[in-house]
Amino acid sequence: MSATIHPTAFVEPGARLGDGVVVGPFCYIGDQVEVGDGTVFGPHCVVHGPTRIGRGNRFYAQCAIGGDPQDKKFAGERTELEIGDDNVFREFVTVNRGTGNGGGLTRIGNGNWFLAYTHVAHDCQVGNQCVFSNNSTLAGHVTVEDQVIMSGFSGIHQFCRIGAHAFIGMGALVNGDVPPFLMVAQDGYGRPRGINSEGLKRRGFDAERIGAIKRAYRTLYVSGASLEEARAKLEDIAADSPDVRALLDFIGNGERPLLR
């Protein structure tokens with residue numbers, strides 16, 4: 001079975017596409033790009049070479065793969081990108097080729113998931129079965145071993161190594177090596193800082209409604225009461241305020257701990 005190329009896509013004569021490859025609308029597949037059997041490109045994907053892509057990969061819309069490294073020292077020398085089999089690249093993922101003084105090769109293994117807006121910089125080495133959550137980023141020359149999970153908005157500094165089975169928590173910025181099996185968490189998460197009173201005014205909430213919500217906030221976050229004590233006090237306020245009743249219902253239906 002030959003490749004299927006949408007009429008609006010452009011594939012350079014020097015590209016080599018395997019059986020069952022699908023190139024979607026408005027894609028560009030450059031010279032010196034090799035694509036293995038069964039790989040699918042969604043609309044508006046761009047792939048520059050030299051790049052080798054294995055079998056059964058899935059690229060969703062707007063992926064930019066194999067572009068020049070974002071490094072001022074790059075002078076146009078031949079560098080490469082190598083991607084294994086059965087990886088998933090969601091919308092707006094970017095993966096760059098290597099640099100001449102950094103080994104010349106960016107490599108991604110098999111069975112990885114790259115969610116929307118993730119970035120793999122030049123000369124990175126990524127193992128197998130990793131998960132990169134939305135907006136997670138690798139700077140240049142990073143090594144990520146097998147089965148690592150990077151949570152949303154996390155980032156890894158240049159030349160760092162992330163050991164197998166490590167977990168990088170949401171928003172964590174890593175500037176040193178992470179041994180295998182470790183969990184890394186950001187030290188300070190967001191904390192409540194009052195109510196969105198200006199936004200409520202703009203949406204038509206009157207002073208009485210906003211006042212009830214402010215009393216509920218003080219009860220929950222300022223009084224020093226335990227959560228159960230605060231919820232009992234909120235029941236009294238909720239008797240005259242549908243907004244506070246909605247707040248109580250929200251608290252009661254949660255699966256995660258309440259942010260306090």
# chains A, B, ... in the order shown; residues from 1 in each chain; ligands from 1

$ closest_atom_pairs --of "range 18-70 of chain A" --to "range 1-8 of chain A" --cutoff "10 Å" --atoms "only C-alpha atoms" --output "JSON lines"
{"residue": "A:Gly18", "atom": "CA", "partner": "A:Ala3", "partner_atom": "CA", "distance": 6.5}
{"residue": "A:Asp19", "atom": "CA", "partner": "A:Ser2", "partner_atom": "CA", "distance": 4.7}
{"residue": "A:Gly20", "atom": "CA", "partner": "A:Ala3", "partner_atom": "CA", "distance": 5.0}
{"residue": "A:Val21", "atom": "CA", "partner": "A:Ala3", "partner_atom": "CA", "distance": 4.6}
{"residue": "A:Val22", "atom": "CA", "partner": "A:Thr4", "partner_atom": "CA", "distance": 4.8}
{"residue": "A:Val23", "atom": "CA", "partner": "A:Ile5", "partner_atom": "CA", "distance": 4.7}
{"residue": "A:Gly24", "atom": "CA", "partner": "A:His6", "partner_atom": "CA", "distance": 5.4}
{"residue": "A:Pro25", "atom": "CA", "partner": "A:His6", "partner_atom": "CA", "distance": 5.4}
{"residue": "A:Phe26", "atom": "CA", "partner": "A:Thr8", "partner_atom": "CA", "distance": 5.0}
{"residue": "A:Cys27", "atom": "CA", "partner": "A:Thr8", "partner_atom": "CA", "distance": 7.5}
{"residue": "A:Tyr28", "atom": "CA", "partner": "A:Thr8", "partner_atom": "CA", "distance": 9.4}
{"residue": "A:Asp37", "atom": "CA", "partner": "A:Ala3", "partner_atom": "CA", "distance": 8.6}
{"residue": "A:Gly38", "atom": "CA", "partner": "A:Ala3", "partner_atom": "CA", "distance": 8.6}
{"residue": "A:Thr39", "atom": "CA", "partner": "A:Ala3", "partner_atom": "CA", "distance": 9.5}
{"residue": "A:Val40", "atom": "CA", "partner": "A:Thr4", "partner_atom": "CA", "distance": 9.4}
{"residue": "A:Phe41", "atom": "CA", "partner": "A:Ile5", "partner_atom": "CA", "distance": 9.7}
{"residue": "A:Pro43", "atom": "CA", "partner": "A:His6", "partner_atom": "CA", "distance": 9.4}
{"residue": "A:His44", "atom": "CA", "partner": "A:Thr8", "partner_atom": "CA", "distance": 9.8}

$ residues_around --residues "range 97-106 of chain A" --least-positions-apart "3" --cutoff "7 Å" --atoms "only C-alpha atoms" --output "PyMOL selection string"
chain A and resi 66-69+74+77+79-82+122-125

$ residues_around --residues "Arg52 in chain A" --least-positions-apart "5" --cutoff "9 Å" --atoms "only C-alpha atoms" --output "PyMOL selection string"
chain A and resi 32-36+80-84

$ write_last_selection --atoms "C-alpha atoms" --output "mmCIF file, in the first residue's frame"
data_model
loop_
_atom_site.group_PDB
_atom_site.id
_atom_site.type_symbol
_atom_site.label_atom_id
_atom_site.label_comp_id
_atom_site.auth_asym_id
_atom_site.auth_seq_id
_atom_site.Cartn_x
_atom_site.Cartn_y
_atom_site.Cartn_z
ATOM 1 C CA GLN A 32 16.102 14.025 3.289
ATOM 2 C CA VAL A 33 13.089 12.985 5.349
ATOM 3 C CA GLU A 34 12.455 9.248 5.746
ATOM 4 C CA VAL A 35 9.109 8.111 7.148
ATOM 5 C CA GLY A 36 8.316 4.547 8.198
ATOM 6 C CA GLU A 80 19.919 15.013 12.202
ATOM 7 C CA LEU A 81 16.766 14.007 14.034
ATOM 8 C CA GLU A 82 15.864 10.376 14.638
ATOM 9 C CA ILE A 83 12.425 9.270 15.884
ATOM 10 C CA GLY A 84 11.528 5.651 16.664
#

$ closest_residue --among "A:Ala238, A:Leu248, A:Ala64, A:Ala230" --to "Ala212 in chain A" --atoms "only C-alpha atoms"
A:Ala238

$ residues_around --residues "Gly194 in chain A" --least-positions-apart "2" --cutoff "8 Å" --atoms "only C-alpha atoms" --output "PyMOL selection string"
chain A and resi 192+196+217

$ residues_around --residues "Tyr189 in chain A" --least-positions-apart "6" --cutoff "10 Å" --atoms "only C-alpha atoms" --output "PyMOL selection string"
chain A and resi 170-172+259

$ write_last_selection --atoms "C-alpha atoms" --output "CSV table (one decimal), in the first residue's frame"
chain,number,residue,atom,x,y,z
A,170,MET,CA,3.5,20.3,37.5
A,171,GLY,CA,5.4,23.5,36.9
A,172,ALA,CA,8.7,22.1,38.3
A,259,LEU,CA,-6.7,24.3,48.0

$ residues_around --residues "Asp240 in chain A" --least-positions-apart "5" --cutoff "12 Å" --atoms "only C-alpha atoms" --output "count of residues only"
10

$ closest_residue --among "A:Phe153, A:Phe59, A:Phe10, A:Tyr221" --to "Val95 in chain A" --atoms "only C-alpha atoms"
A:Phe59

$ closest_residue --among "A:Ile53, A:Leu138, A:Arg215, A:Ser223" --to "Asp236 in chain A" --atoms "only C-alpha atoms"
A:Arg215

$ closest_residue --among "A:Gly76, A:Leu258, A:Tyr60, A:Leu173" --to "Gly188 in chain A" --atoms "only C-alpha atoms"
A:Leu173

$ atom_distance --atom1 "CA of His141 in chain A" --atom2 "CA of Asn175 in chain A"
12.6 Å

$ closest_residue --among "A:Glu255, A:Arg231, A:Lys214, A:Val47" --to "Asp243 in chain A" --atoms "only C-alpha atoms"
A:Lys214

$ select_by_dssp --residues "range 30-238 of chain A" --states "strand (DSSP E)" --output "ChimeraX atom specification"
/A:33-35,40-41,46-47,51-53,58-59,64-67,80-83,88-89,94-96,105-108,113-114,119-120,125-126,131-132,137-138,143-144,149-150,155-156,161-162,167-168,173-174,183-184

$ closest_residue --among "A:Thr51, A:Thr143, A:Thr219, A:Ser151" --to "Gly127 in chain A" --atoms "only C-alpha atoms"
A:Thr143
